[in-house]
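Pasted below: coords_6.cif, mmCIF, C-alpha atoms.
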```
data_final
loop_
_atom_site.group_PDB
_atom_site.id
_atom_site.type_symbol
_atom_site.label_atom_id
_atom_site.label_comp_id
_atom_site.auth_asym_id
_atom_site.auth_seq_id
_atom_site.Cartn_x
_atom_site.Cartn_y
_atom_site.Cartn_z
ATOM 1 C CA MET V 424 98.038 44.876 -57.479
ATOM 2 C CA GLY V 425 96.474 42.128 -55.355
ATOM 3 C CA GLU V 426 99.340 39.802 -56.153
ATOM 4 C CA ILE V 427 101.873 42.344 -54.904
ATOM 5 C CA LEU V 428 99.940 42.976 -51.699
ATOM 6 C CA SER V 429 99.913 39.245 -50.984
ATOM 7 C CA LEU V 430 103.662 39.416 -50.424
ATOM 8 C CA PRO V 431 104.463 39.745 -46.675
ATOM 9 C CA PHE V 432 107.343 42.196 -47.196
ATOM 10 C CA MET V 433 105.085 44.461 -49.289
ATOM 11 C CA GLN V 434 102.419 44.368 -46.589
ATOM 12 C CA ARG V 435 104.978 45.430 -43.974
ATOM 13 C CA ALA V 436 106.386 48.087 -46.310
ATOM 14 C CA LEU V 437 102.925 49.506 -47.025
ATOM 15 C CA LEU V 438 101.960 49.659 -43.352
ATOM 16 C CA GLY V 439 105.331 51.156 -42.428
ATOM 17 C CA GLY V 440 105.029 53.782 -45.168
ATOM 18 C CA ILE V 441 101.542 54.793 -44.050
ATOM 19 C CA LEU V 442 102.506 55.073 -40.375
ATOM 20 C CA VAL V 443 105.666 57.047 -41.074
ATOM 21 C CA GLY V 444 103.790 59.210 -43.583
ATOM 22 C CA ILE V 445 101.294 60.148 -40.892
ATOM 23 C CA LEU V 446 103.890 60.790 -38.184
ATOM 24 C CA ALA V 447 106.495 62.705 -40.175
ATOM 25 C CA SER V 448 103.919 64.883 -41.930
ATOM 26 C CA TYR V 449 102.051 65.643 -38.709
ATOM 27 C CA TYR V 450 105.120 66.824 -36.808
ATOM 28 C CA GLY V 451 106.475 68.442 -39.960
ATOM 29 C CA VAL V 452 103.880 71.215 -39.779
ATOM 30 C CA PHE V 453 105.344 72.396 -36.468
ATOM 31 C CA ILE V 454 108.882 72.171 -37.841
ATOM 32 C CA VAL V 455 108.009 74.203 -40.933
ATOM 33 C CA GLN V 456 105.814 76.773 -39.183
ATOM 34 C CA ARG V 457 108.410 77.356 -36.452
ATOM 35 C CA GLY V 458 111.216 77.763 -38.981
ATOM 36 C CA LEU V 459 113.114 74.721 -37.714
ATOM 37 C CA SER V 460 113.573 72.852 -40.995
ATOM 38 C CA PHE V 461 117.226 72.244 -40.145
ATOM 39 C CA LEU V 462 116.091 70.326 -37.035
ATOM 40 C CA GLY V 463 115.052 67.322 -39.122
ATOM 41 C CA SER V 464 118.484 67.093 -40.697
ATOM 42 C CA GLY V 465 120.198 67.550 -37.331
ATOM 43 C CA LEU V 466 118.194 64.796 -35.647
ATOM 44 C CA ALA V 467 118.668 62.504 -38.645
ATOM 45 C CA HIS V 468 122.421 62.768 -38.298
ATOM 46 C CA ALA V 469 122.087 62.313 -34.548
ATOM 47 C CA ALA V 470 120.271 59.078 -35.367
ATOM 48 C CA PHE V 471 123.313 58.046 -37.415
ATOM 49 C CA GLY V 472 125.424 58.348 -34.273
ATOM 50 C CA GLY V 473 122.908 56.197 -32.394
ATOM 51 C CA VAL V 474 122.807 53.575 -35.151
ATOM 52 C CA ALA V 475 126.614 53.398 -35.165
ATOM 53 C CA LEU V 476 126.630 52.985 -31.371
ATOM 54 C CA GLY V 477 124.063 50.198 -31.644
ATOM 55 C CA LEU V 478 126.191 48.399 -34.246
ATOM 56 C CA LEU V 479 129.243 48.780 -32.015
ATOM 57 C CA LEU V 480 127.439 47.364 -28.983
ATOM 58 C CA GLY V 481 125.818 44.573 -30.978
ATOM 59 C CA ALA V 482 122.380 45.816 -29.910
ATOM 60 C CA GLU V 483 119.324 46.650 -32.003
ATOM 61 C CA PRO V 484 120.493 49.819 -33.819
ATOM 62 C CA LEU V 485 117.099 51.541 -34.005
ATOM 63 C CA TRP V 486 116.370 51.200 -30.287
ATOM 64 C CA VAL V 487 119.803 52.578 -29.398
ATOM 65 C CA ALA V 488 119.319 55.306 -31.998
ATOM 66 C CA ALA V 489 115.982 56.231 -30.403
ATOM 67 C CA ILE V 490 117.587 56.839 -26.996
ATOM 68 C CA PHE V 491 120.584 58.611 -28.524
ATOM 69 C CA THR V 492 118.402 60.874 -30.688
ATOM 70 C CA ILE V 493 116.081 61.756 -27.800
ATOM 71 C CA VAL V 494 119.091 62.840 -25.722
ATOM 72 C CA VAL V 495 120.335 64.990 -28.620
ATOM 73 C CA ALA V 496 116.862 66.490 -29.190
ATOM 74 C CA LEU V 497 116.542 67.412 -25.512
ATOM 75 C CA GLY V 498 120.070 68.836 -25.587
ATOM 76 C CA ILE V 499 119.211 71.024 -28.576
ATOM 77 C CA ALA V 500 116.040 72.261 -26.888
ATOM 78 C CA TRP V 501 117.852 72.926 -23.594
ATOM 79 C CA VAL V 502 120.710 74.900 -25.169
ATOM 80 C CA ARG V 503 118.366 76.823 -27.480
ATOM 81 C CA LEU V 504 116.123 77.856 -24.575
ATOM 82 C CA ARG V 505 118.964 78.872 -22.232
ATOM 83 C CA THR V 506 121.377 80.671 -24.524
ATOM 84 C CA ASN V 507 121.197 83.446 -27.076
ATOM 85 C CA LEU V 508 122.439 81.111 -29.810
ATOM 86 C CA GLY V 509 120.139 80.750 -32.790
ATOM 87 C CA GLY V 510 118.340 77.488 -33.426
ATOM 88 C CA ASP V 511 120.400 76.729 -36.537
ATOM 89 C CA THR V 512 123.669 77.284 -34.660
ATOM 90 C CA THR V 513 122.655 74.998 -31.807
ATOM 91 C CA ILE V 514 121.440 72.285 -34.185
ATOM 92 C CA GLY V 515 124.633 72.598 -36.223
ATOM 93 C CA ILE V 516 126.803 71.949 -33.158
ATOM 94 C CA PHE V 517 124.889 68.819 -32.143
ATOM 95 C CA PHE V 518 124.722 67.751 -35.797
ATOM 96 C CA ALA V 519 128.525 67.830 -36.088
ATOM 97 C CA VAL V 520 129.198 66.142 -32.743
ATOM 98 C CA SER V 521 126.723 63.331 -33.456
ATOM 99 C CA MET V 522 128.223 62.648 -36.872
ATOM 100 C CA ALA V 523 131.731 62.654 -35.420
ATOM 101 C CA LEU V 524 130.694 60.190 -32.716
ATOM 102 C CA GLY V 525 129.051 57.993 -35.339
ATOM 103 C CA ILE V 526 132.252 57.871 -37.383
ATOM 104 C CA VAL V 527 134.294 57.017 -34.275
ATOM 105 C CA PHE V 528 131.841 54.259 -33.270
ATOM 106 C CA LEU V 529 131.999 52.693 -36.748
ATOM 107 C CA PHE V 530 135.807 52.888 -36.707
ATOM 108 C CA MET V 531 135.893 51.133 -33.321
ATOM 109 C CA ARG V 532 133.880 48.219 -34.667
ATOM 110 C CA LYS V 533 136.403 45.574 -35.620
ATOM 111 C CA GLU V 534 134.566 43.732 -38.358
ATOM 112 C CA TYR V 535 133.548 45.434 -41.600
ATOM 113 C CA THR V 536 129.831 45.987 -42.110
ATOM 114 C CA ASN V 537 127.664 47.654 -44.686
ATOM 115 C CA ASP V 538 124.701 47.875 -42.280
ATOM 116 C CA ALA V 539 125.362 51.564 -41.711
ATOM 117 C CA PHE V 540 124.844 52.290 -45.400
ATOM 118 C CA ALA V 541 121.468 50.528 -45.325
ATOM 119 C CA TYR V 542 120.364 52.904 -42.567
ATOM 120 C CA LEU V 543 121.797 55.904 -44.420
ATOM 121 C CA PHE V 544 119.731 55.324 -47.549
ATOM 122 C CA GLY V 545 116.825 53.306 -46.176
ATOM 123 C CA SER V 546 114.931 50.364 -47.615
ATOM 124 C CA ILE V 547 111.210 50.280 -47.016
ATOM 125 C CA LEU V 548 111.042 46.752 -48.426
ATOM 126 C CA SER V 549 113.238 45.538 -45.549
ATOM 127 C CA VAL V 550 110.903 46.831 -42.826
ATOM 128 C CA THR V 551 110.495 44.161 -40.150
ATOM 129 C CA GLU V 552 107.756 43.460 -37.630
ATOM 130 C CA ARG V 553 110.029 44.914 -34.938
ATOM 131 C CA ASP V 554 110.279 48.161 -36.923
ATOM 132 C CA LEU V 555 106.491 48.264 -37.239
ATOM 133 C CA TRP V 556 106.077 47.784 -33.493
ATOM 134 C CA MET V 557 108.404 50.700 -32.858
ATOM 135 C CA THR V 558 106.478 52.900 -35.279
ATOM 136 C CA ALA V 559 103.175 51.795 -33.729
ATOM 137 C CA ILE V 560 104.442 52.829 -30.284
ATOM 138 C CA VAL V 561 105.230 56.299 -31.627
ATOM 139 C CA CYS V 562 101.730 56.468 -33.114
ATOM 140 C CA VAL V 563 100.184 55.599 -29.758
ATOM 141 C CA LEU V 564 102.235 58.299 -28.037
ATOM 142 C CA SER V 565 101.107 60.737 -30.714
ATOM 143 C CA LEU V 566 97.454 59.840 -30.133
ATOM 144 C CA PHE V 567 97.863 60.630 -26.436
ATOM 145 C CA SER V 568 99.467 63.955 -27.391
ATOM 146 C CA TRP V 569 96.626 64.944 -29.736
ATOM 147 C CA PRO V 570 94.934 67.111 -27.033
ATOM 148 C CA LEU V 571 98.152 69.168 -26.959
ATOM 149 C CA TRP V 572 97.775 70.173 -30.635
ATOM 150 C CA LYS V 573 95.984 73.416 -29.758
ATOM 151 C CA ARG V 574 98.667 74.384 -27.224
ATOM 152 C CA TRP V 575 101.464 73.574 -29.669
ATOM 153 C CA SER V 576 99.686 75.578 -32.368
ATOM 154 C CA TYR V 577 99.189 78.540 -30.035
ATOM 155 C CA ALA V 578 102.871 78.573 -29.082
ATOM 156 C CA THR V 579 103.869 78.132 -32.722
ATOM 157 C CA PHE V 580 102.180 81.369 -33.787
ATOM 158 C CA ASP V 581 102.663 83.489 -30.653
ATOM 159 C CA ARG V 582 105.069 82.009 -28.129
ATOM 160 C CA GLU V 583 105.201 85.057 -25.852
ATOM 161 C CA LEU V 584 101.421 85.317 -25.624
ATOM 162 C CA ALA V 585 101.167 81.607 -24.852
ATOM 163 C CA GLN V 586 103.675 82.053 -22.030
ATOM 164 C CA SER V 587 101.773 85.065 -20.700
ATOM 165 C CA ASP V 588 98.674 82.861 -20.600
ATOM 166 C CA ARG V 589 100.661 80.533 -18.311
ATOM 167 C CA LEU V 590 100.777 77.650 -20.743
ATOM 168 C CA PRO V 591 103.664 75.183 -20.133
ATOM 169 C CA VAL V 592 105.416 76.199 -23.354
ATOM 170 C CA VAL V 593 108.905 75.045 -22.330
ATOM 171 C CA ARG V 594 107.661 71.647 -21.142
ATOM 172 C CA ASP V 595 105.694 71.275 -24.363
ATOM 173 C CA ASP V 596 108.839 72.081 -26.353
ATOM 174 C CA TYR V 597 110.691 69.225 -24.675
ATOM 175 C CA TYR V 598 107.831 66.799 -25.241
ATOM 176 C CA LEU V 599 107.503 67.812 -28.889
ATOM 177 C CA SER V 600 111.272 67.404 -29.336
ATOM 178 C CA ILE V 601 111.094 63.851 -27.965
ATOM 179 C CA LEU V 602 108.260 62.896 -30.306
ATOM 180 C CA ILE V 603 110.032 64.373 -33.328
ATOM 181 C CA ALA V 604 113.207 62.518 -32.371
ATOM 182 C CA ILE V 605 111.566 59.099 -32.217
ATOM 183 C CA THR V 606 109.629 59.872 -35.403
ATOM 184 C CA VAL V 607 112.957 60.475 -37.143
ATOM 185 C CA VAL V 608 114.251 57.110 -35.922
ATOM 186 C CA ALA V 609 111.032 55.353 -36.971
ATOM 187 C CA ALA V 610 111.408 56.796 -40.483
ATOM 188 C CA ILE V 611 114.973 55.541 -40.979
ATOM 189 C CA LYS V 612 113.952 52.220 -42.547
ATOM 190 C CA VAL V 613 111.529 53.958 -44.914
ATOM 191 C CA VAL V 614 113.574 56.806 -46.403
ATOM 192 C CA GLY V 615 116.970 56.536 -44.721
ATOM 193 C CA ILE V 616 118.936 58.995 -42.612
ATOM 194 C CA VAL V 617 119.945 61.073 -45.635
ATOM 195 C CA LEU V 618 116.350 61.810 -46.715
ATOM 196 C CA ILE V 619 114.448 62.014 -43.428
ATOM 197 C CA ALA V 620 114.686 65.813 -43.272
ATOM 198 C CA ALA V 621 112.931 66.062 -46.638
ATOM 199 C CA PHE V 622 110.111 63.784 -45.440
ATOM 200 C CA LEU V 623 109.579 66.087 -42.442
ATOM 201 C CA VAL V 624 109.599 69.290 -44.480
ATOM 202 C CA ILE V 625 108.203 68.783 -48.003
ATOM 203 C CA PRO V 626 104.656 67.527 -47.196
ATOM 204 C CA ALA V 627 104.222 70.293 -44.616
ATOM 205 C CA ALA V 628 105.606 72.930 -47.016
ATOM 206 C CA THR V 629 103.247 71.686 -49.742
ATOM 207 C CA ALA V 630 100.298 71.888 -47.365
ATOM 208 C CA ARG V 631 101.299 75.387 -46.275
ATOM 209 C CA LEU V 632 101.047 76.623 -49.861
ATOM 210 C CA MET V 633 97.475 75.366 -50.144
ATOM 211 C CA SER V 634 96.081 76.026 -46.658
ATOM 212 C CA PRO V 635 94.494 79.182 -45.245
ATOM 213 C CA THR V 636 94.450 77.732 -41.710
ATOM 214 C CA PHE V 637 96.880 75.734 -39.592
ATOM 215 C CA ARG V 638 94.303 72.998 -39.007
ATOM 216 C CA LEU V 639 93.848 72.474 -42.750
ATOM 217 C CA MET V 640 97.622 72.609 -43.188
ATOM 218 C CA THR V 641 97.972 69.742 -40.711
ATOM 219 C CA ILE V 642 95.342 67.631 -42.481
ATOM 220 C CA LEU V 643 96.745 68.250 -45.971
ATOM 221 C CA SER V 644 100.292 67.578 -44.773
ATOM 222 C CA VAL V 645 99.302 64.167 -43.382
ATOM 223 C CA LEU V 646 97.395 63.312 -46.579
ATOM 224 C CA THR V 647 100.379 64.339 -48.701
ATOM 225 C CA GLY V 648 102.740 62.234 -46.609
ATOM 226 C CA VAL V 649 100.552 59.129 -46.747
ATOM 227 C CA VAL V 650 99.692 59.386 -50.459
ATOM 228 C CA SER V 651 103.320 59.992 -51.442
ATOM 229 C CA ALA V 652 104.518 57.084 -49.293
ATOM 230 C CA VAL V 653 101.992 54.626 -50.755
ATOM 231 C CA CYS V 654 102.290 55.771 -54.375
ATOM 232 C CA GLY V 655 106.072 56.084 -54.108
ATOM 233 C CA LEU V 656 106.310 52.536 -52.765
ATOM 234 C CA PHE V 657 104.393 51.014 -55.685
ATOM 235 C CA LEU V 658 106.150 53.225 -58.219
ATOM 236 C CA SER V 659 109.574 52.207 -56.925
ATOM 237 C CA TYR V 660 108.550 48.541 -56.998
ATOM 238 C CA TYR V 661 107.469 48.673 -60.641
ATOM 239 C CA LEU V 662 110.407 50.832 -61.765
ATOM 240 C CA ASP V 663 112.905 48.861 -59.650
ATOM 241 C CA VAL V 664 114.427 52.008 -58.159
ATOM 242 C CA PRO V 665 115.174 52.979 -54.506
ATOM 243 C CA SER V 666 111.930 53.426 -52.613
ATOM 244 C CA GLY V 667 112.996 56.213 -50.246
ATOM 245 C CA ALA V 668 114.301 58.413 -53.046
ATOM 246 C CA THR V 669 111.160 57.745 -55.116
ATOM 247 C CA ILE V 670 108.906 58.832 -52.240
ATOM 248 C CA ILE V 671 110.845 62.066 -51.766
ATOM 249 C CA LEU V 672 110.870 62.835 -55.501
ATOM 250 C CA LEU V 673 107.112 62.283 -55.618
ATOM 251 C CA GLN V 674 106.696 64.668 -52.691
ATOM 252 C CA ALA V 675 108.846 67.208 -54.535
ATOM 253 C CA ALA V 676 106.617 66.837 -57.606
ATOM 254 C CA LEU V 677 103.540 67.492 -55.447
ATOM 255 C CA PHE V 678 105.245 70.557 -53.958
ATOM 256 C CA VAL V 679 106.050 71.966 -57.404
ATOM 257 C CA SER V 680 102.474 71.290 -58.538
ATOM 258 C CA ALA V 681 101.090 73.091 -55.481
ATOM 259 C CA MET V 682 103.416 76.025 -56.123
ATOM 260 C CA ILE V 683 102.313 76.283 -59.763
ATOM 261 C CA LEU V 684 98.629 76.088 -58.829
ATOM 262 C CA LYS V 685 99.035 78.739 -56.160
ATOM 263 C CA THR V 686 100.801 81.026 -58.641
ATOM 264 C CA LEU V 687 98.065 80.523 -61.267
ATOM 265 C CA PHE V 688 95.263 81.241 -58.791
ATOM 266 C CA ARG V 689 97.092 84.328 -57.558
ATOM 267 C CA HIS V 690 97.381 85.707 -61.094
ATOM 268 C CA LYS V 691 93.703 84.993 -61.799
ATOM 269 C CA ALA V 692 92.712 86.784 -58.615
#
```
Would you encode the structure as structure tokens?
Amino acid sequence: MGEILSLPFMQRALLGGILVGILASYYGVFIVQRGLSFLGSGLAHAAFGGVALGLLLGAEPLWVAAIFTIVVALGIAWVRLRTNLGGDTTIGIFFAVSMALGIVFLFMRKEYTNDAFAYLFGSILSVTERDLWMTAIVCVLSLFSWPLWKRWSYATFDRELAQSDRLPVVRDDYYLSILIAITVVAAIKVVGIVLIAAFLVIPAATARLMSPTFRLMTILSVLTGVVSAVCGLFLSYYLDVPSGATIILLQAALFVSAMILKTLFRHKA
């Protein structure tokens, strides 16, 4: 174990996995509790459009993807708040447009590249210091937003009552959308665009099965995300299999275990 951790790329991968595990699992509880599980998939595919634009422009793909995904996230929130379209319908529209733009951007790039596929499927072992800095910035923003947790929780369970109490629910929705968007981009190197939605949903869903309160759900979700990221990283290293997929499969195993335990306790009660 010590020999593996002495490798610089494993150190970066471990730190990146822990940071993304914390971020994705923390914001995942709001996604799951608000019934917006499709949002993770929509923003992940929006990130694909941003990555493709970054490759076309010859810029850093993740930084371009961050801006692109934030714009899409704000667009989804704006349309959802100002029309009678359902959340899934709005997300589906932006999902499709972002993917189409991504395909066009890749087609416009003259030289062939397989970089896009690396972002699609992720590679935690290729996490760079620049990626870690980006993830650290998101963590800092999340720390500053921690005092808003109670307001977000209030609006999650009773939006109309929160508005009647004159809380800035709409402004909070936009801010939360921005943070989720950049969390999605930060997670690309760890699990890839294809699997980001699962990382946002499964730990939170697992925690929901085991938690009587939203506060405990948040704590258990973060623990599940971090433990699965760390254990999945080492497991994938020893088995020589894709790290992102291993992390998600481990999360799925934890979810199934939580579901079985909940069922057993329910029958005993």
Distance in Å - atom CA of V:Met433 versus atom CA of V:Ser565: 25.0 Å
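Of the residues under consideration (V:Gly472, V:Gly510, V:Pro484, V:Gly477), V:Gly472 shows the shortest atom-to-atom contact distance to V:Ala523 when counting all atoms listed in the file.
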Residues matched by the PyMOL selection byres ((chain V and resi 636-653) around 6) as an NGL selection string: :V and (440-441 or 444-445 or 448-449 or 626-627 or 630-631 or 634-635 or 654-656 or 670 or 674)
Selection file, C-alpha atoms, as an mmCIF file, keeping the file's coordinate frame:
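Contents of out-v9.cif, as written:
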```
data_model
loop_
_atom_site.group_PDB
_atom_site.id
_atom_site.type_symbol
_atom_site.label_atom_id
_atom_site.label_comp_id
_atom_site.auth_asym_id
_atom_site.auth_seq_id
_atom_site.Cartn_x
_atom_site.Cartn_y
_atom_site.Cartn_z
ATOM 1 C CA GLY V 440 105.029 53.782 -45.168
ATOM 2 C CA ILE V 441 101.542 54.793 -44.050
ATOM 3 C CA GLY V 444 103.790 59.210 -43.583
ATOM 4 C CA ILE V 445 101.294 60.148 -40.892
ATOM 5 C CA SER V 448 103.919 64.883 -41.930
ATOM 6 C CA TYR V 449 102.051 65.643 -38.709
ATOM 7 C CA PRO V 626 104.656 67.527 -47.196
ATOM 8 C CA ALA V 627 104.222 70.293 -44.616
ATOM 9 C CA ALA V 630 100.298 71.888 -47.365
ATOM 10 C CA ARG V 631 101.299 75.387 -46.275
ATOM 11 C CA SER V 634 96.081 76.026 -46.658
ATOM 12 C CA PRO V 635 94.494 79.182 -45.245
ATOM 13 C CA CYS V 654 102.290 55.771 -54.375
ATOM 14 C CA GLY V 655 106.072 56.084 -54.108
ATOM 15 C CA LEU V 656 106.310 52.536 -52.765
ATOM 16 C CA ILE V 670 108.906 58.832 -52.240
ATOM 17 C CA GLN V 674 106.696 64.668 -52.691
#
```
Mind telling me what the PyMOL selection byres ((chain V and resi 611-616) around 9) catches here, as a VMD selection string? chain V and resid 436 439 to 440 443 464 467 to 468 470 to 471 485 540 to 550 554 606 to 610 617 to 620 622 652 666 to 668 670 to 671
Smallest atom-to-atom distance to V:Arg594: which of V:Ala621, V:Ile514, V:Ala500, V:Ala482, using all atoms listed in the file? V:Ala500
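A straight line drawn from atom CA of V:Arg435 to atom CA of V:Val624 is 24.3 Å long.
Remark: for V:Leu438, the closest of the candidate residues V:Ala675, V:Val495, V:Leu566, V:Ala559 is V:Ala559 (distances computed over all atoms listed in the file).
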Do you know which residues lie at most 9 Å from (130.8, 53.6, -37.7), with coordinates as in the file and only C-alpha atoms counted, and could you write them as an mmCIF file with C-alpha atoms, in the coordinates of the input?
```cif
data_model
loop_
_atom_site.group_PDB
_atom_site.id
_atom_site.type_symbol
_atom_site.label_atom_id
_atom_site.label_comp_id
_atom_site.auth_asym_id
_atom_site.auth_seq_id
_atom_site.Cartn_x
_atom_site.Cartn_y
_atom_site.Cartn_z
ATOM 1 C CA PHE V 471 123.313 58.046 -37.415
ATOM 2 C CA GLY V 472 125.424 58.348 -34.273
ATOM 3 C CA VAL V 474 122.807 53.575 -35.151
ATOM 4 C CA ALA V 475 126.614 53.398 -35.165
ATOM 5 C CA LEU V 476 126.630 52.985 -31.371
ATOM 6 C CA LEU V 478 126.191 48.399 -34.246
ATOM 7 C CA LEU V 479 129.243 48.780 -32.015
ATOM 8 C CA LEU V 524 130.694 60.190 -32.716
ATOM 9 C CA GLY V 525 129.051 57.993 -35.339
ATOM 10 C CA ILE V 526 132.252 57.871 -37.383
ATOM 11 C CA VAL V 527 134.294 57.017 -34.275
ATOM 12 C CA PHE V 528 131.841 54.259 -33.270
ATOM 13 C CA LEU V 529 131.999 52.693 -36.748
ATOM 14 C CA PHE V 530 135.807 52.888 -36.707
ATOM 15 C CA MET V 531 135.893 51.133 -33.321
ATOM 16 C CA ARG V 532 133.880 48.219 -34.667
ATOM 17 C CA THR V 536 129.831 45.987 -42.110
ATOM 18 C CA ALA V 539 125.362 51.564 -41.711
#
```
6 Å per side around stretch 494-508 of chain V: axis-aligned box centre and edge lengths, as JSON:
```
{"center_x": 119.2, "center_y": 73.1, "center_z": -26.0, "size_x": 18.4, "size_y": 32.6, "size_z": 19.6}
```
Please write the residues picked by the PyMOL selection byres ((chain V and resi 517) around 9) on this file as a VMD selection string. chain V and resid 465 to 466 468 to 469 495 to 496 498 to 499 512 to 516 518 to 522
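With atom CA of V:Phe657 on one side and atom CA of V:Val679 on the other, the separation reads 21.1 Å.
By chain and then residue number, the residues within 12 Å of V:Tyr597 are Ile493, Val494, Val495, Ala496, Leu497, Gly498, Ile499, Ala500, Trp501, Val502, Arg503, Leu504, Trp575, Pro591, Val592, Leu602, Ile603 and Ala604 of chain V, counting only C-alpha atoms and disregarding those fewer than 5 positions away in sequence.
Compared by their closest atoms to V:Thr492, and using only C-alpha atoms, the residues V:Leu508, V:Val664, V:Ile605, V:Val452 rank with V:Ile605 nearest.
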